[in-house]
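S.K.: Got a structure for you, model33.txt, holding compact mmCIF, C-alpha atoms.
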```txt
# COMPACT_ATOMS: atom_id res chain seq x y z
CA MET A 6 15.06 47.59 -94.42
CA PRO A 7 14.40 47.99 -90.70
CA GLY A 8 11.81 50.27 -89.19
CA ALA A 9 8.18 51.12 -89.42
CA ALA A 10 8.07 51.80 -93.12
CA ALA A 11 9.22 48.26 -93.86
CA ARG A 12 6.11 46.83 -92.23
CA GLY A 13 2.87 46.01 -93.89
CA ALA A 14 0.80 48.22 -91.60
CA VAL A 15 2.73 51.36 -90.68
CA PRO A 16 2.48 51.88 -86.92
CA ARG A 17 1.90 55.28 -85.41
CA GLY A 18 5.16 57.14 -84.82
CA CYS A 19 6.77 58.97 -81.90
CA GLY A 20 6.09 62.71 -82.19
CA LEU A 21 8.31 65.78 -82.03
CA THR A 22 6.51 67.09 -78.92
CA GLU A 23 7.35 63.84 -77.14
CA ARG A 24 11.03 64.15 -78.08
CA ILE A 25 11.15 67.77 -76.86
CA ALA A 26 9.54 66.71 -73.56
CA LEU A 27 12.10 63.90 -73.21
CA GLU A 28 15.00 66.30 -73.85
CA ARG A 29 13.60 68.68 -71.23
CA TRP A 30 12.84 66.14 -68.50
CA ILE A 31 15.69 63.64 -68.74
CA PRO A 32 18.44 65.99 -67.37
CA ARG A 33 16.22 67.18 -64.50
CA LEU A 34 15.17 63.68 -63.49
CA ALA A 35 18.73 62.41 -63.89
CA ALA A 36 19.94 65.13 -61.47
CA VAL A 37 17.27 64.18 -58.90
CA ALA A 38 18.08 60.46 -59.31
CA GLY A 39 21.82 61.20 -58.93
CA VAL A 40 21.23 63.10 -55.67
CA ALA A 41 18.99 60.28 -54.40
CA VAL A 42 21.59 57.60 -55.22
CA VAL A 43 24.38 59.61 -53.52
CA ALA A 44 22.11 60.08 -50.46
CA THR A 45 21.45 56.33 -50.44
CA VAL A 46 25.17 55.49 -50.49
CA GLY A 47 25.69 58.00 -47.63
CA LEU A 48 22.89 56.42 -45.59
CA ILE A 49 24.16 52.88 -46.20
CA TRP A 50 27.67 53.65 -44.92
CA ARG A 51 27.01 56.39 -42.33
CA TYR A 52 23.52 55.80 -40.96
CA ALA A 53 22.49 52.15 -41.29
CA PRO A 54 23.97 49.98 -38.53
CA VAL A 55 26.09 46.91 -39.16
CA GLU A 56 23.86 43.87 -38.72
CA ALA A 57 24.80 41.63 -35.78
CA VAL A 58 24.64 38.19 -37.48
CA THR A 59 25.74 38.64 -41.11
CA GLY A 60 27.93 41.68 -40.51
CA LEU A 61 28.97 44.09 -43.24
CA SER A 62 27.67 41.90 -46.08
CA GLN A 63 24.11 42.72 -44.98
CA LYS A 64 24.66 46.15 -46.60
CA ILE A 65 24.39 44.41 -50.00
CA PHE A 66 20.68 44.11 -49.16
CA TYR A 67 20.20 47.91 -49.58
CA PHE A 68 20.81 47.75 -53.29
CA HIS A 69 19.96 44.09 -53.96
CA VAL A 70 16.32 44.57 -52.85
CA PRO A 71 15.77 47.90 -54.71
CA SER A 72 17.32 46.33 -57.84
CA ALA A 73 14.86 43.44 -57.53
CA TRP A 74 12.01 45.95 -57.17
CA ALA A 75 13.21 47.86 -60.29
CA MET A 76 13.45 44.51 -62.13
CA TYR A 77 9.84 43.65 -61.17
CA ALA A 78 8.53 47.10 -62.18
CA ALA A 79 10.38 47.18 -65.51
CA THR A 80 9.32 43.63 -66.37
CA GLY A 81 5.70 44.47 -65.55
CA LEU A 82 5.87 47.62 -67.70
CA CYS A 83 7.48 45.67 -70.53
CA ALA A 84 4.69 43.09 -70.45
CA VAL A 85 1.94 45.76 -70.36
CA ALA A 86 3.53 47.71 -73.25
CA SER A 87 3.97 44.45 -75.19
CA THR A 88 0.28 43.61 -74.71
CA VAL A 89 -0.69 47.09 -75.93
CA TYR A 90 1.64 46.62 -78.91
CA LEU A 91 0.08 43.24 -79.79
CA VAL A 92 -3.40 44.79 -79.66
CA THR A 93 -2.78 48.17 -81.33
CA ASN A 94 0.46 47.67 -83.33
CA GLY A 95 1.47 51.07 -81.90
CA GLU A 96 5.09 52.12 -82.33
CA ARG A 97 5.18 53.94 -78.98
CA ALA A 98 4.12 50.78 -77.15
CA GLU A 99 6.75 48.75 -79.02
CA ALA A 100 9.48 51.29 -78.22
CA LEU A 101 8.41 51.37 -74.57
CA ALA A 102 8.43 47.55 -74.40
CA ALA A 103 11.97 47.48 -75.85
CA ALA A 104 13.15 50.13 -73.36
CA ALA A 105 11.49 48.50 -70.34
CA GLY A 106 12.81 45.06 -71.30
CA SER A 107 16.34 46.44 -71.51
CA VAL A 108 16.08 48.12 -68.07
CA ALA A 109 14.56 44.95 -66.59
CA LEU A 110 17.49 42.90 -67.92
CA LEU A 111 19.94 45.42 -66.44
CA PHE A 112 18.46 45.19 -62.94
CA CYS A 113 18.03 41.43 -63.23
CA THR A 114 21.79 41.27 -63.96
CA VAL A 115 22.47 43.35 -60.83
CA VAL A 116 20.26 41.00 -58.79
CA LEU A 117 21.93 37.88 -60.23
CA VAL A 118 25.43 39.28 -59.59
CA THR A 119 24.96 40.77 -56.12
CA GLY A 120 22.80 37.87 -54.83
CA PRO A 121 25.47 35.18 -55.19
CA ILE A 122 28.09 37.52 -53.66
CA TRP A 123 25.86 37.92 -50.60
CA ALA A 124 25.20 34.14 -50.62
CA ARG A 125 28.96 33.49 -50.53
CA ALA A 126 29.23 35.65 -47.39
CA ALA A 127 26.08 34.31 -45.69
CA TRP A 128 25.82 30.67 -46.84
CA ASN A 129 29.45 30.06 -47.85
CA VAL A 130 28.32 29.03 -51.36
CA TRP A 131 27.88 31.16 -54.49
CA TRP A 132 24.66 29.53 -55.63
CA ARG A 133 21.91 27.22 -54.45
CA TRP A 134 19.27 25.73 -56.68
CA GLU A 135 16.54 26.94 -54.39
CA PRO A 136 13.14 28.24 -55.62
CA ARG A 137 13.64 32.02 -55.64
CA LEU A 138 17.13 31.96 -57.12
CA THR A 139 16.08 29.50 -59.81
CA THR A 140 12.96 31.46 -60.78
CA VAL A 141 14.97 34.72 -60.96
CA LEU A 142 17.49 32.93 -63.19
CA VAL A 143 14.59 31.81 -65.42
CA LEU A 144 13.43 35.45 -65.58
CA GLY A 145 16.98 36.45 -66.55
CA PHE A 146 16.92 33.95 -69.45
CA LEU A 147 13.48 35.20 -70.55
CA LEU A 148 14.64 38.83 -70.49
CA ALA A 149 17.85 37.95 -72.34
CA GLY A 150 15.76 36.12 -74.95
CA HIS A 151 13.52 39.19 -75.22
CA ALA A 152 16.57 41.42 -75.78
CA VAL A 153 17.95 39.10 -78.47
CA LEU A 154 14.58 38.96 -80.25
CA ARG A 155 14.22 42.76 -80.04
CA ARG A 156 17.65 43.16 -81.59
CA ALA A 157 16.76 40.72 -84.35
CA ALA A 158 13.42 42.51 -84.85
CA GLU A 159 15.36 45.61 -85.96
CA ARG A 160 16.03 43.66 -89.16
CA THR A 161 13.02 41.32 -89.20
CA PRO A 162 10.03 43.27 -87.83
CA ARG A 163 7.84 40.13 -87.63
CA LEU A 164 9.97 39.00 -84.65
CA SER A 165 8.57 41.92 -82.60
CA ARG A 166 5.44 39.91 -81.94
CA PHE A 167 7.48 36.96 -80.63
CA ALA A 168 9.42 39.34 -78.38
CA ALA A 169 6.11 40.72 -77.06
CA ALA A 170 4.87 37.20 -76.31
CA LEU A 171 8.11 36.45 -74.44
CA ALA A 172 7.65 39.62 -72.34
CA ILE A 173 4.17 38.42 -71.33
CA LEU A 174 5.68 35.05 -70.38
CA ALA A 175 8.22 36.91 -68.20
CA LEU A 176 5.32 38.62 -66.39
CA ILE A 177 3.92 35.20 -65.43
CA ASP A 178 7.26 34.42 -63.74
CA LEU A 179 7.01 37.48 -61.40
CA PRO A 180 4.37 36.12 -58.95
CA ILE A 181 6.16 32.76 -58.99
CA ILE A 182 9.39 34.51 -57.90
CA HIS A 183 7.54 36.43 -55.21
CA LEU A 184 5.71 33.43 -53.77
CA ALA A 185 8.63 31.00 -54.20
CA VAL A 186 9.93 31.48 -50.65
CA ARG A 187 6.54 30.97 -49.02
CA LYS A 188 5.29 28.12 -51.19
CA TRP A 189 8.44 26.00 -51.49
CA ARG A 190 10.33 27.05 -48.34
CA GLY A 191 13.64 27.95 -49.90
CA ASN A 192 16.70 29.40 -48.15
CA HIS A 193 16.24 32.92 -49.50
CA PRO A 194 15.64 35.26 -46.54
CA THR A 195 12.32 37.06 -46.14
CA VAL A 196 13.16 40.37 -44.52
CA LEU A 197 10.05 42.36 -45.35
CA GLY A 198 6.41 41.28 -44.99
CA ALA A 199 5.02 38.25 -43.19
CA GLY A 200 7.72 36.04 -41.72
CA GLY A 201 10.30 38.84 -41.94
CA GLY A 202 11.97 40.60 -39.08
CA GLY A 203 15.12 41.96 -37.56
CA VAL A 204 14.97 45.31 -39.37
CA THR A 205 15.66 48.37 -37.20
CA THR A 206 14.24 51.85 -37.92
CA GLU A 207 17.58 52.98 -39.40
CA MET A 208 17.64 49.95 -41.70
CA ALA A 209 14.02 50.56 -42.78
CA VAL A 210 14.70 54.27 -43.49
CA THR A 211 17.81 53.42 -45.52
CA LEU A 212 15.95 50.77 -47.48
CA GLY A 213 13.06 53.21 -48.09
CA VAL A 214 15.41 55.88 -49.49
CA ALA A 215 17.21 53.24 -51.56
CA LEU A 216 13.88 52.07 -53.03
CA VAL A 217 12.98 55.65 -54.03
CA ALA A 218 16.49 56.26 -55.47
CA PHE A 219 16.50 53.06 -57.53
CA THR A 220 12.96 53.70 -58.77
CA LEU A 221 14.07 57.16 -59.98
CA LEU A 222 17.26 55.68 -61.48
CA ALA A 223 15.28 53.00 -63.30
CA PHE A 224 12.84 55.62 -64.60
CA VAL A 225 15.68 57.82 -65.93
CA LEU A 226 17.34 54.81 -67.60
CA LEU A 227 13.96 53.88 -69.08
CA LEU A 228 13.56 57.38 -70.55
CA LEU A 229 17.15 57.31 -71.94
CA ARG A 230 16.56 53.92 -73.52
CA TYR A 231 13.18 55.04 -74.89
CA ARG A 232 14.82 58.13 -76.43
CA LEU A 233 17.42 55.86 -78.04
CA GLU A 234 14.68 53.63 -79.41
CA THR A 235 12.76 56.58 -80.92
CA ALA A 236 15.97 57.93 -82.51
CA ARG A 237 16.71 54.48 -83.97
CA ARG A 238 13.21 54.29 -85.41
CA GLU A 239 13.45 57.79 -86.88
CA LEU A 240 16.73 56.85 -88.56
CA ALA A 241 15.18 53.66 -89.94
CA ARG A 242 12.18 55.63 -91.21
CA ARG A 243 14.40 58.22 -92.92
CA LEU A 244 16.60 55.51 -94.42
CA ALA A 245 13.49 53.80 -95.77
CA VAL A 246 12.44 56.95 -97.68
CA ALA A 247 15.98 58.09 -98.65
CA PRO A 248 16.58 58.02 -102.42
CA PRO A 249 18.87 55.30 -103.74
CA GLY A 250 22.48 56.40 -104.11
CA ASN A 251 22.16 58.84 -101.19
CA PRO A 252 25.28 58.57 -98.97
CA GLY A 253 23.23 58.52 -95.79
CA GLY A 254 20.61 56.21 -97.17
CA THR A 255 22.72 53.20 -98.00
CA MET B 3 36.82 35.38 -48.53
CA SER B 4 35.90 37.97 -45.90
CA ALA B 5 32.54 39.76 -45.71
CA GLU B 6 34.30 43.10 -46.28
CA VAL B 7 35.87 41.96 -49.54
CA LEU B 8 32.59 40.46 -50.75
CA THR B 9 30.64 43.63 -49.88
CA VAL B 10 33.12 45.80 -51.78
CA ALA B 11 32.97 43.33 -54.69
CA ALA B 12 29.17 43.58 -54.74
CA TYR B 13 29.34 47.40 -54.79
CA ALA B 14 31.95 47.33 -57.54
CA ALA B 15 29.79 44.94 -59.56
CA LEU B 16 26.75 47.20 -59.14
CA TRP B 17 28.57 50.31 -60.34
CA LEU B 18 30.31 48.45 -63.14
CA VAL B 19 27.03 47.09 -64.48
CA LEU B 20 25.23 50.45 -64.16
CA THR B 21 28.10 52.51 -65.60
CA GLY B 22 28.62 50.05 -68.44
CA TYR B 23 24.94 50.30 -69.34
CA VAL B 24 24.90 54.11 -69.27
CA VAL B 25 28.12 54.38 -71.31
CA ARG B 26 26.77 51.94 -73.90
CA LEU B 27 23.51 53.90 -74.09
CA ALA B 28 25.39 57.20 -74.51
CA ARG B 29 27.58 55.76 -77.27
CA ARG B 30 24.64 54.32 -79.20
CA GLN B 31 22.71 57.60 -78.80
CA ALA B 32 25.67 59.68 -80.04
CA ARG B 33 26.16 57.37 -83.04
CA LEU B 34 22.46 57.46 -83.92
CA GLU B 35 22.31 61.25 -83.63
CA ALA B 36 25.39 61.61 -85.84
CA ASP B 37 23.78 59.31 -88.44
CA LEU B 38 20.51 61.25 -88.22
CA ARG B 39 22.33 64.60 -88.65
CA ALA B 40 24.23 63.28 -91.67
CA LEU B 41 21.04 61.94 -93.20
CA ARG B 42 19.10 65.18 -92.58
CA THR B 43 21.97 67.21 -94.11
CA SER B 44 22.16 65.01 -97.17
CA GLN B 45 18.35 65.06 -97.59
CA GLU B 46 18.21 68.86 -97.20
CA SER B 47 21.14 69.44 -99.59
CA SER B 48 19.36 67.35 -102.21
CA ARG B 49 16.42 69.80 -101.97
CA THR B 50 18.47 73.07 -102.26
CA PRO B 51 17.74 75.49 -105.17
CA SER B 52 21.24 74.93 -106.60
CA SER B 53 20.38 71.33 -107.30
CA PRO B 54 18.90 70.73 -110.74
CA PRO B 55 15.09 70.86 -110.85
CA PRO B 56 13.19 67.70 -111.66
CA ALA B 57 12.83 67.02 -115.35
CA PRO B 58 9.54 68.37 -116.78
CA ALA B 59 6.93 65.93 -117.87
CA ALA B 60 7.18 64.94 -121.50
CA ARG B 61 4.86 66.98 -123.74
CA PRO B 62 2.34 65.16 -125.86
```
Could you show the structure in this file as structure tokens?
M.R.:
Amino acid sequence: MPGAAARGAVPRGCGLTERIALERWIPRLAAVAGVAVVATVGLIWRYAPVEAVTGLSQKIFYFHVPSAWAMYAATGLCAVASTVYLVTNGERAEALAAAAGSVALLFCTVVLVTGPIWARAAWNVWWRWEPRLTTVLVLGFLLAGHAVLRRAAERTPRLSRFAAALAILALIDLPIIHLAVRKWRGNHPTVLGAGGGGVTTEMAVTLGVALVAFTLLAFVLLLLRYRLETARRELARRLAVAPPGNPGGT
Amino acid sequence: MSAEVLTVAAYAALWLVLTGYVVRLARRQARLEADLRALRTSQESSRTPSSPPPAPAARP
């Protein structure tokens, strides 16, 4: 039987107050995130200039970079929540780790899909085995493995600890991705920070708004996924205590 | 393939991935809530006064 009750030590549950707060805040935050995303799309097409060298395909950068940022943040949160879960066996931490891992995998998918499309326009190839691309692909595999283990942990709760360990391993990959361009001199462009350049004020403003919009979007998706996880756990808990022969408890 | 086509493809991919994720989340949430409602109803109906009371403990 899945869920907390099936475990040896019953973890602390997700409370009613928390669920009420989620129901209250998710629609408001989703509305704000929606407005921010629409504003970002408007800025990308109406305000940001077309870049002189790479042309229109440079506009992919305005959602490729924020997706990468959301991927970093969600992976970091997943690893922190997984560490807390390993230490405390808390159900909230486990649910948060599952939600953050799912959101991280989503944005990693966006990065791994939009990156090669940009590469085709800029480099005339879909993929290069260069340091940053390879390390992001490794992160994608780690996050996919985490998702598979989480899914399996719904039936075999012991696997939750393996999933948590994998999330911590994914965290180790983040600084490697970030430093890959500087350390191993790959082809991936560095637009922001040391060595970057060629960004006008309009481009910087658009990217700034896009970063805020994608952060909000990732946060809303995290809350939605967390709500799903708490509902799944409540169902598992109720099924675990349902009397045999009950139609809902089989 | 032109830059315009690739840019549109990238945007389409972004919205497809995001929309697919949200739709999948909404479906799973709706299914879970329906299961939870059914389970709550069946658990509450098993506790209604019309249901037979538990058998008394055997007297010595």
S.K.: Residues of chain A were defined as contacting chain B if any atom lay at most 8 Å from it, counting all atoms listed in the file; please report them as a ChimeraX atom specification.
M.R.: /A:60-62,64-65,111,114-115,118-119,122-123,125-126,226,229-230,233,236-237,239-240,243-244,247,251-254
S.K.: Could you dump the residues just selected with C-alpha atoms as a compact mmCIF listing (two decimals), in the frame of the given file?
M.R.:
```
# COMPACT_ATOMS: atom_id res chain seq x y z
CA GLY A 60 27.93 41.68 -40.51
CA LEU A 61 28.97 44.09 -43.24
CA SER A 62 27.67 41.90 -46.08
CA LYS A 64 24.66 46.15 -46.60
CA ILE A 65 24.39 44.41 -50.00
CA LEU A 111 19.94 45.42 -66.44
CA THR A 114 21.79 41.27 -63.96
CA VAL A 115 22.47 43.35 -60.83
CA VAL A 118 25.43 39.28 -59.59
CA THR A 119 24.96 40.77 -56.12
CA ILE A 122 28.09 37.52 -53.66
CA TRP A 123 25.86 37.92 -50.60
CA ARG A 125 28.96 33.49 -50.53
CA ALA A 126 29.23 35.65 -47.39
CA LEU A 226 17.34 54.81 -67.60
CA LEU A 229 17.15 57.31 -71.94
CA ARG A 230 16.56 53.92 -73.52
CA LEU A 233 17.42 55.86 -78.04
CA ALA A 236 15.97 57.93 -82.51
CA ARG A 237 16.71 54.48 -83.97
CA GLU A 239 13.45 57.79 -86.88
CA LEU A 240 16.73 56.85 -88.56
CA ARG A 243 14.40 58.22 -92.92
CA LEU A 244 16.60 55.51 -94.42
CA ALA A 247 15.98 58.09 -98.65
CA ASN A 251 22.16 58.84 -101.19
CA PRO A 252 25.28 58.57 -98.97
CA GLY A 253 23.23 58.52 -95.79
CA GLY A 254 20.61 56.21 -97.17
```
S.K.: Fewer than 3 positions away in the same chain doesn't count, so skip those; otherwise give me all residues within 10 Å of Leu110 of chain A, counting only C-alpha atoms, as a list of chain:residue names.
M.R.: A:Met76, A:Ala79, A:Thr80, A:Ala105, A:Gly106, A:Ser107, A:Cys113, A:Thr114, A:Val115, A:Val116, A:Leu144, A:Gly145, A:Phe146, A:Leu147, A:Leu148, A:Ala149, A:Gly150, A:His151, A:Ala152
S.K.: So that I have them on file, write out the residues from the current selection with C-alpha atoms, as a compact mmCIF listing (two decimals), keeping the file's coordinate frame.
M.R.:
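again-v5.txt, freshly written:
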```
# COMPACT_ATOMS: atom_id res chain seq x y z
CA MET A 76 13.45 44.51 -62.13
CA ALA A 79 10.38 47.18 -65.51
CA THR A 80 9.32 43.63 -66.37
CA ALA A 105 11.49 48.50 -70.34
CA GLY A 106 12.81 45.06 -71.30
CA SER A 107 16.34 46.44 -71.51
CA CYS A 113 18.03 41.43 -63.23
CA THR A 114 21.79 41.27 -63.96
CA VAL A 115 22.47 43.35 -60.83
CA VAL A 116 20.26 41.00 -58.79
CA LEU A 144 13.43 35.45 -65.58
CA GLY A 145 16.98 36.45 -66.55
CA PHE A 146 16.92 33.95 -69.45
CA LEU A 147 13.48 35.20 -70.55
CA LEU A 148 14.64 38.83 -70.49
CA ALA A 149 17.85 37.95 -72.34
CA GLY A 150 15.76 36.12 -74.95
CA HIS A 151 13.52 39.19 -75.22
CA ALA A 152 16.57 41.42 -75.78
```
S.K.: Please indicate the distance in Å from atom CA of Ser165 of chain A to atom CA of Pro180 of chain A, rounded to one decimal place.
M.R.: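 Computing it gives 24.7 Å between the two atoms.
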S.K.: Report, as AutoDock Vina command-line options, the axis-aligned box around all atoms of segment 9-18 of chain B present in the file, extended by 6 Å on each side; give centre and edge lengths in Å to one decimal place.
M.R.:
```
--center_x 29.9 --center_y 46.8 --center_z -56.5 --size_x 18.4 --size_y 19.0 --size_z 25.3
```
S.K.: As an exercise, work out the distance from atom CA of Thr205 of chain A to atom CA of Gln63 of chain A in Å and give it to one decimal place.
M.R.: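 Going from atom CA of Thr205 of chain A over to atom CA of Gln63 of chain A, I get 12.8 Å.
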S.K.: To one decimal in Å, tell me the separation between atom CA of Arg137 of chain A and atom CA of Val217 of chain A.
M.R.: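 Calculated distance between atom CA of Arg137 of chain A and atom CA of Val217 of chain A is 23.7 Å.
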